[in-house]
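Data block below; observations after.
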There are 4 protein chains.
Amino acid sequence: MFYREMKDHCGVFGYSSCDPAMTASMIYYGLFALQHRGQESCGIALENNGELQLVKKMGLVSQALGGENLGSMKGYRGIGHVRYSTAGTSCISDAQPLSAEVSKPYTDFISLAHNGNITNAGELRLQLKKEGMTFQTKADTEVILNLIARTQTGDLIRDLKEALSRLRGAFSLLILVKNRLIAVRDPHGVRPLVLGKKDDDWVVASETCALDIIRASFVREIAPGEIVVIENGNISCSNLDLPGPSRQCVFELIYFSRPDSFHFGTNVHMARKRMGQALAQSDKGLRADFVIAVPDSGIPAALGYSDASGIPYERGFTRNHYIGRSFIHPLQDQREMAVKVKLNPVFPVVNKRDLIVIDDSLVRGTTCRLIVKLLKDFGAKSVHLRFASPPVCFPCIYGIDTPDRNKLLAANYDIDGIKKFIGADSVAYLEIDKLRSCQECPDDFCYACFTGNYFDSV
Amino acid sequence: MFYREMKDHCGVFGYSSCDPAMTASMIYYGLFALQHRGQESCGIALENNGELQLVKKMGLVSQALGGENLGSMKGYRGIGHVRYSTAGTSCISDAQPLSAEVSKPYTDFISLAHNGNITNAGELRLQLKKEGMTFQTKADTEVILNLIARTQTGDLIRDLKEALSRLRGAFSLLILVKNRLIAVRDPHGVRPLVLGKKDDDWVVASETCALDIIRASFVREIAPGEIVVIENGNISCSNLDLPGPSRQCVFELIYFSRPDSFHFGTNVHMARKRMGQALAQSDKGLRADFVIAVPDSGIPAALGYSDASGIPYERGFTRNHYIGRSFIHPLQDQREMAVKVKLNPVFPVVNKRDLIVIDDSLVRGTTCRLIVKLLKDFGAKSVHLRFASPPVCFPCIYGIDTPDRNKLLAANYDIDGIKKFIGADSVAYLEIDKLRSCQECPDDFCYACFTGNYFDSV
Amino acid sequence: MFYREMKDHCGVFGYSSCDPAMTASMIYYGLFALQHRGQESCGIALENNGELQLVKKMGLVSQALGGENLGSMKGYRGIGHVRYSTAGTSCISDAQPLSAEVSKPYTDFISLAHNGNITNAGELRLQLKKEGMTFQTKADTEVILNLIARTQTGDLIRDLKEALSRLRGAFSLLILVKNRLIAVRDPHGVRPLVLGKKDDDWVVASETCALDIIRASFVREIAPGEIVVIENGNISCSNLDLPGPSRQCVFELIYFSRPDSFHFGTNVHMARKRMGQALAQSDKGLRADFVIAVPDSGIPAALGYSDASGIPYERGFTRNHYIGRSFIHPLQDQREMAVKVKLNPVFPVVNKRDLIVIDDSLVRGTTCRLIVKLLKDFGAKSVHLRFASPPVCFPCIYGIDTPDRNKLLAANYDIDGIKKFIGADSVAYLEIDKLRSCQECPDDFCYACFTGNYFDSV
Amino acid sequence: MFYREMKDHCGVFGYSSCDPAMTASMIYYGLFALQHRGQESCGIALENNGELQLVKKMGLVSQALGGENLGSMKGYRGIGHVRYSTAGTSCISDAQPLSAEVSKPYTDFISLAHNGNITNAGELRLQLKKEGMTFQTKADTEVILNLIARTQTGDLIRDLKEALSRLRGAFSLLILVKNRLIAVRDPHGVRPLVLGKKDDDWVVASETCALDIIRASFVREIAPGEIVVIENGNISCSNLDLPGPSRQCVFELIYFSRPDSFHFGTNVHMARKRMGQALAQSDKGLRADFVIAVPDSGIPAALGYSDASGIPYERGFTRNHYIGRSFIHPLQDQREMAVKVKLNPVFPVVNKRDLIVIDDSLVRGTTCRLIVKLLKDFGAKSVHLRFASPPVCFPCIYGIDTPDRNKLLAANYDIDGIKKFIGADSVAYLEIDKLRSCQECPDDFCYACFTGNYFDSV
């Protein structure tokens with residue numbers, strides 16, 4: 001399911017350093033490792049002795065921030081953000097970290113980096129506007145900012161508990177104030193957030209791949225509902241004191257997170273491999289020459305399928321890595337080129353072969369369809385398409401960029417219709433029960449995009 | 001005094017149109033004509049049926065907005081802004097128009113374009129932050145915005161009167177809300193603001209040169225303390241009901257405004273010419289071959305001096321028009337190049353001549369000094385430097401970018417010291433009384449940069 | 001061996017069309033598919049009724065040419081080129097196609113796109129300069145151009161035969177003249193060149209992947225020493241009449257060509273897989289948990305090794321696809337970051353595992369070394385590094401960008417030294433005999449980079 | 001006549017330095033001062049110990065070369081070029097200096113910077129192509145380059161004399177070879193070329209304004225037909241030994257050259273002032289309130305007219321200096337905006353006034369027409385348009401960018417038709433005899449654009 005790699009949500013990264021000259025560079029590397037979580041804009045905010053330095057740019061981390069003179073940014077702590085917006089328009093004013101001057105006993109500013117989606121943001125926004133607050137962006141994050149600013153207990157932790165308890169939905173949130181870096185995860189733990197350590201420095205990040213890149217060690221996941229405050233090189237923990245069974249987003253494991261990351265108690269690559277193994281178990285008796293993957297997100301599941309079925313894994317496609325964010329097609333009427341410029345089948349692997357093709361998930365189905373056609377054009381004898389998750393039938397309201405229901409293939413067609421639309425010899429997917437049984441604690445996850453059971457919809 | 005041409009304050013332009021497709025283009029042209037008032041950033045906000053469209057960019061109007069698809073921006077009314085900041089740092093987040101969502105009975109948004117400087121902005125800012133308001137920029141304009149948002153009488157005019165009455169200092173302000181475009185000028189009328197008409201459309205602008213470019217006719221100046229509301233093609237006027245003798249900035253006539261503009265009851269070119277004539281009257285008996293100007297701002301006064309003295313006007317310098325905003329000097333140690341790359345004397349006009357050289361004003365004196373040296377290097381027999389205004393001895397607190405007192409030459413040296421620093425054969429300037437007598441209503445002006453008498457300092 | 005992916009030689013693509021409006025777009029797609037053969041510059045030349053249209057740009061095809069208005073370029077035939085220079089400096093004037101006005105009975109211009117390296121270019125260049133010819137570039141291609149221009153038999157084919165017979169070394173050459181598109185391959189057939197057909201249009205390209213992208217069918221390889229002339233939709237063939245046993249570059253199969261391409265009588269993916277299988281046969285008895293590849297060029301051989309050894313293939317690394325051509329490292333002293341920003345091990349695949357790691361070839365050894373260290377840092381129990389080709393001990397003089405001998409690891413160390421430098425538990429490579437036995441016609445290949453036996457050095 | 005300021009020909013600058021680190025910077029400043037002679041592209045070539053360094057860019061000098069690391073370019077001598085092409089298309093490959101490798105006893109390379117137009121370039125080009133020479137650009141300069149390369153006497157001066165004697169038309173040429181910098185001017189001296197000295201360094205430039213900017217002193221003009229060789233800090237002179245009465249381009253004095261420059265035996269500003277004075281003498285009895293100029297090229301003549309007529313000079317227009325090279329008009333149907341965005345009348349100078357308006361020359365007449373309309377719209381009582389030169393009736397074949405005859409207003413209309421087209425109350429121009437009598441040696445000039453008498457057309 002390679003097309004959505006450019007459509008994602010957000011990644012956050014925070015760093016508390018003993019050496020103020022290193023902070024910006026560490027955040028730069030961390031954001032680079034989280035680039036798959038957002039490619040539209042990126043930003044870094046540093047705090048040093050109560051003063052805030054901020055840089056935000058449109059574009060990829062290496063291009064947008066690599067040219068910046070990060071060496072001139074100094075600060076003992078800072079936060080960073082990569083973004084693809086699912087709520088709000090795409091312009092620099094909506095880029096994060098979002099920062100503002102405030103007047104609090106404990107800080108003169110607040111800077112926020114947020115991953116997730118607040119389901120009652122509209123309602124809170126209206127309330128705040130009626131109190132005379134102004135909103136300069138479309139982002140949920142500004143609701144959080146203004147809520148914190150308007151909550152005036154005089155104490156940071158009490159302000160946060162009071163303000164954040166009014167939020168519904170998903171938030172993995174980094175907060176930078178004077179002398180302190182705070183990480184908070186919503187009571188359901190929808191989005192990942194991990195804690196790391198590099199010598200005497202502390203790191204918080206959306207995924208562990210951002211710890212690896214700077215050789216920080218993985219300490220533990222921030223717990224759902226937990227507030228971690230990093231100050232003077234020490235950490236202290238408290239809790240939002242809110243109800244909330246864990247509802248970790250299973251789609252992070254299926255598609256969004258990087259395979260080398262660890263969170264929700266597992267390694268992502270291994271989780272996907274288990275899904276592929278489970279998929280193979282439903283397919284007992286299906287014979288084929290090769291198992292191949294839709295690159296890259298289908299690869300771990302394909303390896304798992306091959307492992308469980310004994311059918312050899314092969315590399316069915318060559319991927320063109322030079323395709324940028326906005327490949328221009330000079331000829332308007334060549335929609336099929338969209339797939340062909342990115343993938344090309346390897347003829348002897350495909351021609352006259354029976355193939356099992358593994359994709360990570362079924363959303364719109366438009367790309368699968370082109371891929372099946374491509375394999376048939378290269379002489380595949382049969383193409384058995386397998387999805388390593390149940391079909392997506394409901395839009396996500398917690399921060400994943402799924403389309404409207406009318407564009408979700410499985411919300412509009414039954415399995416036969418799907419098969420006909422896609423043109424494969426057979427189509428199957430991982431049943432929801434099997435998906436659950438791949439997880440150690442299946443009840444801790446949100447499956448709403450498959451089932452429609454939104455956890456806080458009431 | 002050509003160096004400061006890149007250092008200015010702001011220009012504003014508003015347009016209420018019968019044809020929503022024309023509004024953005026009209027504002028684009030208007031801002032282009034006001035470019036001399038600010039070259040750092042520019043922006044346009046349009047309103048159409050309650051929805052706001054906004055574009056803000058760093059850079060010059062023609063480069064930053066010319067490439068924008070203005071044709072796709074539609075709206076019956078809009079405002080624009082060009083900016084060089086005298087308060088606040090230089091980045092896109094401080095660019096204007098500044099816009100925010102609010103919840104008012106009469107509008108869901110406010111967009112502001114402001115020219116001037118609020119002298120009690122810091123105090124108001126702190127008060128608002130203590131009430132829980134957040135500030136995302138350093139601009140005075142955000143204080144105005146938040147003040148209006150927090151004032152909740154339920155009526156636009158009453159909100160404005162109440163909010164704006166708390167401001168001290170200078171503001172020529174354009175306000176865009178649902179269905180209405182409002183122009184307000186502070187009670188002292190420090191900065192210019194004019195009203196124009198093009199067929200059935202209304203225009204408000206900092207200067208009349210912005211009316212000329214779109215062939216709008218000049219209706220009148222907005223009066224000090226006046227509120228003009230444009231709605232449904234009609235205008236209605238009211239007043240801030242605040243005391244305030246007129247204190248129009250005389251430096252607008254001396255240097256900032258464009259010579260073709262009309263405001264403060266006069267044409268700027270003619271005002272400067274009168275200053276040159278007055279200057280010549282003090283110089284009776286001084287003989288010279290030519291009167292020449294420091295281009296371009298000294299030209300009108302030089303023509304006036306020539307007219308009153310009978311000494312022929314000549315063009316002493318060729319100006320290189322290809323010098324951009326950031327000419328790069330490959331050799332570090334060539335400070336004098338800074339003037340030489342811009343101006344070159346015309347040898348036969350200068351060599352072996354007695355010259356009267358007219359500059360508009362004396363601020364730092366560093367450029368004059370290089371110019372005198374240049375003329376001497378080209379063989380000028382004598383150089384008599386004349387300033388068509390009194391020497392600047394005090395910083396401006398109302399929005400003109402004058403440097404600190406310790407950099408103001410005349411605040412630190414007497415006339416002999418100035419002459420020695422500059423290296424001219426003689427130096428003289430227009431006395432404050434003469435400057436006053438050049439104006440029809442001399443008491444209506446602020447002369448604080450010459451006298452230190454700030455009108456609202458108590 | 002992923003670092004050299006940015007260091008390559010050239011790719012060529014020619015198209016003869018029935019519809020002049022399609023030619024430029026077809027070349028654009030073809031060059032995009034050949035992007036791996038050169039990322040520095042690209043260009044397209046079209047001919048229509050004797051007039052030449054030319055566009056050349058620095059940068060990647062999709063960025064450099066995608067923004068061009070290719071729709072305005074028309075021509076019944078054209079050639080394109082992507083380039084990484086191994087001879088000549090990197091600037092736009094050396095980009096190809098190289099075009100010139102000439103005065104020939106059969107054409108007024110010549111445009112050339114060349115892949116390969118002319119070993120006697122310097123000598124020919126001097127001779128031509130002594131005749132008064134001028135050279136505006138450093139490229140070998142200009143030698144070919146001037147040779148053809150100076151050869152004046154009056155007939156195209158005779159001019160080509162006479163001029164090209166003076167060349168030594170490697171050339172796969174496309175020539176565009178009035179009404180004709182010509183493809184020539186040197187007598188040794190060092191670089192690939194294939195012929196394709198799309199409906200009534202003819203295509204010539206460095207690799208078949210460029211046929212696939214435009215859905216052209218593969219007709220055959222252009223033979224060593226063959227001249228193919230395409231005119232009026234027909235093709236005619238002749239020969240350079242030069243001696244020359246086939247000396248196809250085996251490194252094209254090992255590393256340079258795309259796995260989905262077919263040339264030198266084989267599919268590249270399958271050739272690499274055979275090398276991996278052969279490698280495994282030498283390793284009988286070696287036990288490990290997984291076979292993993294250095295992505296991406298090591299993958300086919302790793303699949304072959306896994307297949308022959310029965311040890312499961314796994315994906316040991318996650319690759320960050322967002323790394324651009326010039327990733328900027330803010331901290332100077334972090335050389336190891338160079339690998340870490342690109343690759344990250346998948347912990348459960350690596351930790352406490354015995355691993356066989358397959359790379360395509362051993363050149364400098366600096367990257368392998370960092371990769372072995374990375375795997376050890378992630379807790380690999382043992383790392384057995386295997387190269388699917390013999391170690392490179394001699395620089396290529398036919399167009400592959402190998403470094404000087406003193407930088408070739410195996411030219412300076414024996415196997416123990418190599419093992420120590422790289423830090424692996426064991427190191428082995430595919431012996432030259434085994435490599436030969438993987439080929440159907442082993443004598444048709446050049447192995448000079450392994451053996452030092454340059455075929456035309458005498 | 002301000003519109004053509006973007007349409008010019010070329011400027012050249014050469015520098016022979018004692019300090020190789022200064023050469024590139026000196027050329028950069030020199031080219032910047034010559035920017036009015038060409039705004040399309042610019043370039044610098046340096047020679048140091050037989051090695052050539054070259055940088056060429058599209059765009060203005062300060063933008064294109066200011067960002068280059070000129071400090072890293074070293075060489076004892078170098079040449080530079082600014083270009084607007086009148087022969088050849090506008091792309092980087094036609095930018096100059098044009099450089100090539102050759103094989104001469106005295107040099108291994110030639111680099112050329114050329115101002116002028118070779119009238120027999122086509123014929124020479126064909127001849128050279130028939131000898132097997134190739135042409136990679138459309139520029140006349142390549143003809144000169146190839147001619148020199150093909151001339152093989154073994155001696156630099158003899159090669160130059162033989163090669164250059166075959167050229168017809170205009171050339172002010174700088175040649176860089178090993179250890180020597182050569183300046184040559186065609187036998188008619190059509191384009192200017194001056195020699196300067198800065199301490200022990202030598203300078204050659206199109207105009208003296210390029211000497212002034214680097215504080216070099218003016219030595220003398222290079223004579224028509226003269227060859228000046230600069231070597232080891234010494235200069236030696238010889239001659240092309242070709243017939244050729246001086247035919248200096250009078251249009252350089254009228255419009256192209258900068259007013260502060262000296263050449264053709266005069267200062268340009270003073271030459272223009274004399275033309276204005278002569279114009280006034282024909283207008284005896286004409287009364288008006290003011291003499292105003294079409295800025296900027298009309299200003300010196302307007303000062304001269306004012307001086308001779310006694311009618312006061314005024315500044316009738318304010319010019320917007322922020323208009324760049326490609327001002328974008330969002331509304332397509334507003335052609336008149338083209339003038340309005342650049343110039344705005346000063347109302348009290350124009351309204352109800354009788355005006356004499358001075359322009360430098362009459363070419364197309366389209367801009368004058370808009371200017372007259374603009375003044376009338378601002379209430380001018382009468383507008384008497386005066387051109388300080390005869391009307392242009394014939395295209396220039398020596399390097400000035402005049403349009404085709406059918407676009408030259410005076411080639412198609414008599415004086416009444418011109419007056420009607422332009423809409424002025426009266427129109428007059430400087431008669432050819434008067435123009436001649438303004439020059440000290442009137443026979444030394446080319447007046448072909450006024451008379452059609454091309455000096456070498458036979």
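A note on labels: chains of the structure tokens are A, B, ... as shown, every chain counts residues from 1, and ligands are counted from 1 in their shown order.
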Which residues come within 7 Å of His269 in chain C, counting only C-alpha atoms, excluding same-chain residues fewer than 6 positions away, as a JSON list (two decimals) with N, CA and C atoms, in the first residue's frame?
```json
[["chain", "number", "residue", "atom", "x", "y", "z"],
["C", 259, "PRO", "N", 17.48, -4.72, -11.51],
["C", 259, "PRO", "CA", 17.19, -6.16, -11.47],
["C", 259, "PRO", "C", 16.11, -6.59, -12.46],
["C", 260, "ASP", "N", 15.19, -5.70, -12.80],
["C", 260, "ASP", "CA", 14.13, -6.10, -13.72],
["C", 260, "ASP", "C", 14.57, -6.07, -15.18],
["C", 300, "PRO", "N", 18.74, -9.71, -4.26],
["C", 300, "PRO", "CA", 18.58, -10.92, -5.10],
["C", 300, "PRO", "C", 19.57, -12.02, -4.73]]
```
Helix (DSSP H, G or I) call set, DSSP backbone run, range 5-208 of chain C, as a PyMOL selection string
chain C and resi 5-6+23-33+35-37+61-64+70-72+92-94+121-130+140-150+156-164
With a distance cut-off of 12 Å and only C-alpha atoms, select the neighbouring residues of Leu147 in chain B, excluding the residue or stretch itself and same-chain residues fewer than 3 positions from it, and output the selection as a ChimeraX atom specification.
/A:132-134 /B:102,110,121,124-129,131,133-135,140-144,150-152,159-167
For chain A, list the residues within 8 Å of chain C, counting only C-alpha atoms, and write the list as a PyMOL selection string.
chain A and resi 25+29+32-33+35+60+62-63+66-67+70-71+209+212-213+258-261+267+269-270+300+303+314-315+317-318+320-324+327-331+337+340-341+344-348
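Residue nearest Lys381 in chain B, chosen from B:Tyr398, B:Tyr305, B:Phe421, B:Phe290 and counting only C-alpha atoms: B:Phe290.
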Excluding same-chain residues fewer than 4 positions from Ala113 in chain B, what lies within 9 Å of it counting only C-alpha atoms, as a count of residues only?
17
Among range 66-139 of chain B, which residues does DSSP mark as strand (DSSP E or B) when it is run on the backbone? Keep the chain and numbering as in the structure and answer as a list in words.
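After running DSSP on the backbone, range 66-139 of chain B has strand (DSSP E or B) at Arg77, Gly78, Ile79, Gly80, His81, Val82, Arg83, Leu98, Ser99, Ala100, Glu101, Phe109, Ile110, Ser111, Leu112, Ala113, His114, Asn115, Ile118 and Phe135 of chain B.
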With C-alpha atoms kept, could you save the residues just selected as a PDB file, in the first residue's frame?
```pdb
ATOM      1  CA  ARG B  77     -13.634  43.135   0.188  1.00  0.00           C
ATOM      2  CA  GLY B  78     -10.079  42.732   1.331  1.00  0.00           C
ATOM      3  CA  ILE B  79      -7.058  44.306   2.939  1.00  0.00           C
ATOM      4  CA  GLY B  80      -3.341  44.208   2.247  1.00  0.00           C
ATOM      5  CA  HIS B  81      -0.139  45.103   4.015  1.00  0.00           C
ATOM      6  CA  VAL B  82       3.536  45.730   3.281  1.00  0.00           C
ATOM      7  CA  ARG B  83       5.863  45.691   6.221  1.00  0.00           C
ATOM      8  CA  LEU B  98      -3.021  39.288  11.054  1.00  0.00           C
ATOM      9  CA  SER B  99      -6.142  37.151  11.138  1.00  0.00           C
ATOM     10  CA  ALA B 100      -7.959  35.112  13.733  1.00  0.00           C
ATOM     11  CA  GLU B 101     -11.150  33.214  14.296  1.00  0.00           C
ATOM     12  CA  PHE B 109     -13.151  36.332  12.146  1.00  0.00           C
ATOM     13  CA  ILE B 110     -11.103  39.492  12.327  1.00  0.00           C
ATOM     14  CA  SER B 111      -8.261  40.444  10.015  1.00  0.00           C
ATOM     15  CA  LEU B 112      -6.066  43.467  10.680  1.00  0.00           C
ATOM     16  CA  ALA B 113      -3.548  45.564   8.724  1.00  0.00           C
ATOM     17  CA  HIS B 114      -1.817  48.145  10.846  1.00  0.00           C
ATOM     18  CA  ASN B 115       0.622  51.004  10.233  1.00  0.00           C
ATOM     19  CA  ILE B 118       1.431  51.467  19.897  1.00  0.00           C
ATOM     20  CA  PHE B 135       0.388  35.743  21.882  1.00  0.00           C
TER      21      PHE B 135
END
```
What's around Ile422 in chain B at 7 Å? Count only C-alpha atoms, leave out sequence neighbours fewer than 5 positions away in its own chain, and write the answer as an mmCIF file with all heavy atoms, in the first residue's frame.
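Printed below is part29.cif as written:
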```
data_model
loop_
_atom_site.group_PDB
_atom_site.id
_atom_site.type_symbol
_atom_site.label_atom_id
_atom_site.label_comp_id
_atom_site.auth_asym_id
_atom_site.auth_seq_id
_atom_site.Cartn_x
_atom_site.Cartn_y
_atom_site.Cartn_z
ATOM 1 N N GLY B 365 24.597 60.094 9.487
ATOM 2 C CA GLY B 365 25.675 60.856 8.863
ATOM 3 C C GLY B 365 26.718 60.015 8.164
ATOM 4 O O GLY B 365 27.623 60.526 7.518
ATOM 5 N N CYS B 368 26.358 60.349 4.165
ATOM 6 C CA CYS B 368 26.783 61.694 3.729
ATOM 7 C C CYS B 368 28.290 61.774 3.658
ATOM 8 O O CYS B 368 28.873 62.341 2.750
ATOM 9 C CB CYS B 368 26.404 62.783 4.741
ATOM 10 S SG CYS B 368 24.729 62.803 5.213
ATOM 11 N N ARG B 369 28.899 61.241 4.690
ATOM 12 C CA ARG B 369 30.343 61.300 4.793
ATOM 13 C C ARG B 369 31.017 60.615 3.608
ATOM 14 O O ARG B 369 31.970 61.138 3.029
ATOM 15 C CB ARG B 369 30.732 60.563 6.083
ATOM 16 C CG ARG B 369 32.173 60.610 6.408
ATOM 17 C CD ARG B 369 32.441 59.629 7.543
ATOM 18 N NE ARG B 369 33.720 59.898 8.146
ATOM 19 C CZ ARG B 369 34.193 59.269 9.199
ATOM 20 N NH1 ARG B 369 33.443 58.343 9.797
ATOM 21 N NH2 ARG B 369 35.371 59.560 9.674
#
```
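Distances from D:Pro192, D:Thr119, D:Glu51, D:Pro391 to Asn412 in chain D were compared using only C-alpha atoms, and the smallest one belongs to D:Pro391.
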Test item: residues at most 6 Å from range 440-457 of chain D, only C-alpha atoms, excluding those fewer than 4 positions along its chain, as a list in words:
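Final neighbour list, sorted by chain and number: Ser246, Arg247, Gln248, Cys249, Val250, Val392, Cys393, Phe394, Pro395, Cys396 and Arg436 of chain D.
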Resulting file, chosen residues, N, CA and C atoms, as a compact mmCIF listing (two decimals), in the first residue's frame:
```txt
# COMPACT_ATOMS: atom_id res chain seq x y z
N SER D 246 36.50 55.74 -38.69
CA SER D 246 35.75 55.59 -37.44
C SER D 246 34.26 55.69 -37.73
N ARG D 247 33.55 54.77 -37.15
CA ARG D 247 32.08 54.79 -37.26
C ARG D 247 31.50 54.47 -35.89
N GLN D 248 31.80 55.34 -34.92
CA GLN D 248 31.34 55.11 -33.55
C GLN D 248 29.82 55.22 -33.49
N CYS D 249 29.21 54.35 -32.73
CA CYS D 249 27.75 54.28 -32.66
C CYS D 249 27.21 55.48 -31.88
N VAL D 250 26.52 56.37 -32.58
CA VAL D 250 26.03 57.58 -31.91
C VAL D 250 24.92 57.24 -30.91
N VAL D 392 14.31 56.97 -35.19
CA VAL D 392 14.95 55.74 -35.69
C VAL D 392 14.09 55.17 -36.81
N CYS D 393 14.69 55.06 -38.00
CA CYS D 393 13.94 54.58 -39.17
C CYS D 393 14.50 53.28 -39.74
N PHE D 394 15.67 52.86 -39.27
CA PHE D 394 16.31 51.67 -39.83
C PHE D 394 16.86 50.80 -38.70
N PRO D 395 16.77 49.49 -38.84
CA PRO D 395 17.31 48.62 -37.80
C PRO D 395 18.84 48.71 -37.76
N CYS D 396 19.39 48.49 -36.59
CA CYS D 396 20.85 48.46 -36.43
C CYS D 396 21.36 47.07 -36.76
N ARG D 436 24.63 65.97 -35.55
CA ARG D 436 26.03 65.96 -36.00
C ARG D 436 26.78 67.14 -35.40
```
Near Asp359 in chain B, counting only C-alpha atoms, which residues have an atom at most 9 Å away, once you skip same-chain residues fewer than 6 positions from it, shown as a list of chain:residue names?
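Near neighbours after the sequence-gap exclusion: B:Met1, B:Ala293, B:Val294, B:Pro295, B:Ser297, B:Gly298, B:Ile299, B:Ala301, B:Ala302, B:Cys368, B:Leu385, B:Arg386, B:Phe387, B:Ala388, B:Ser389.
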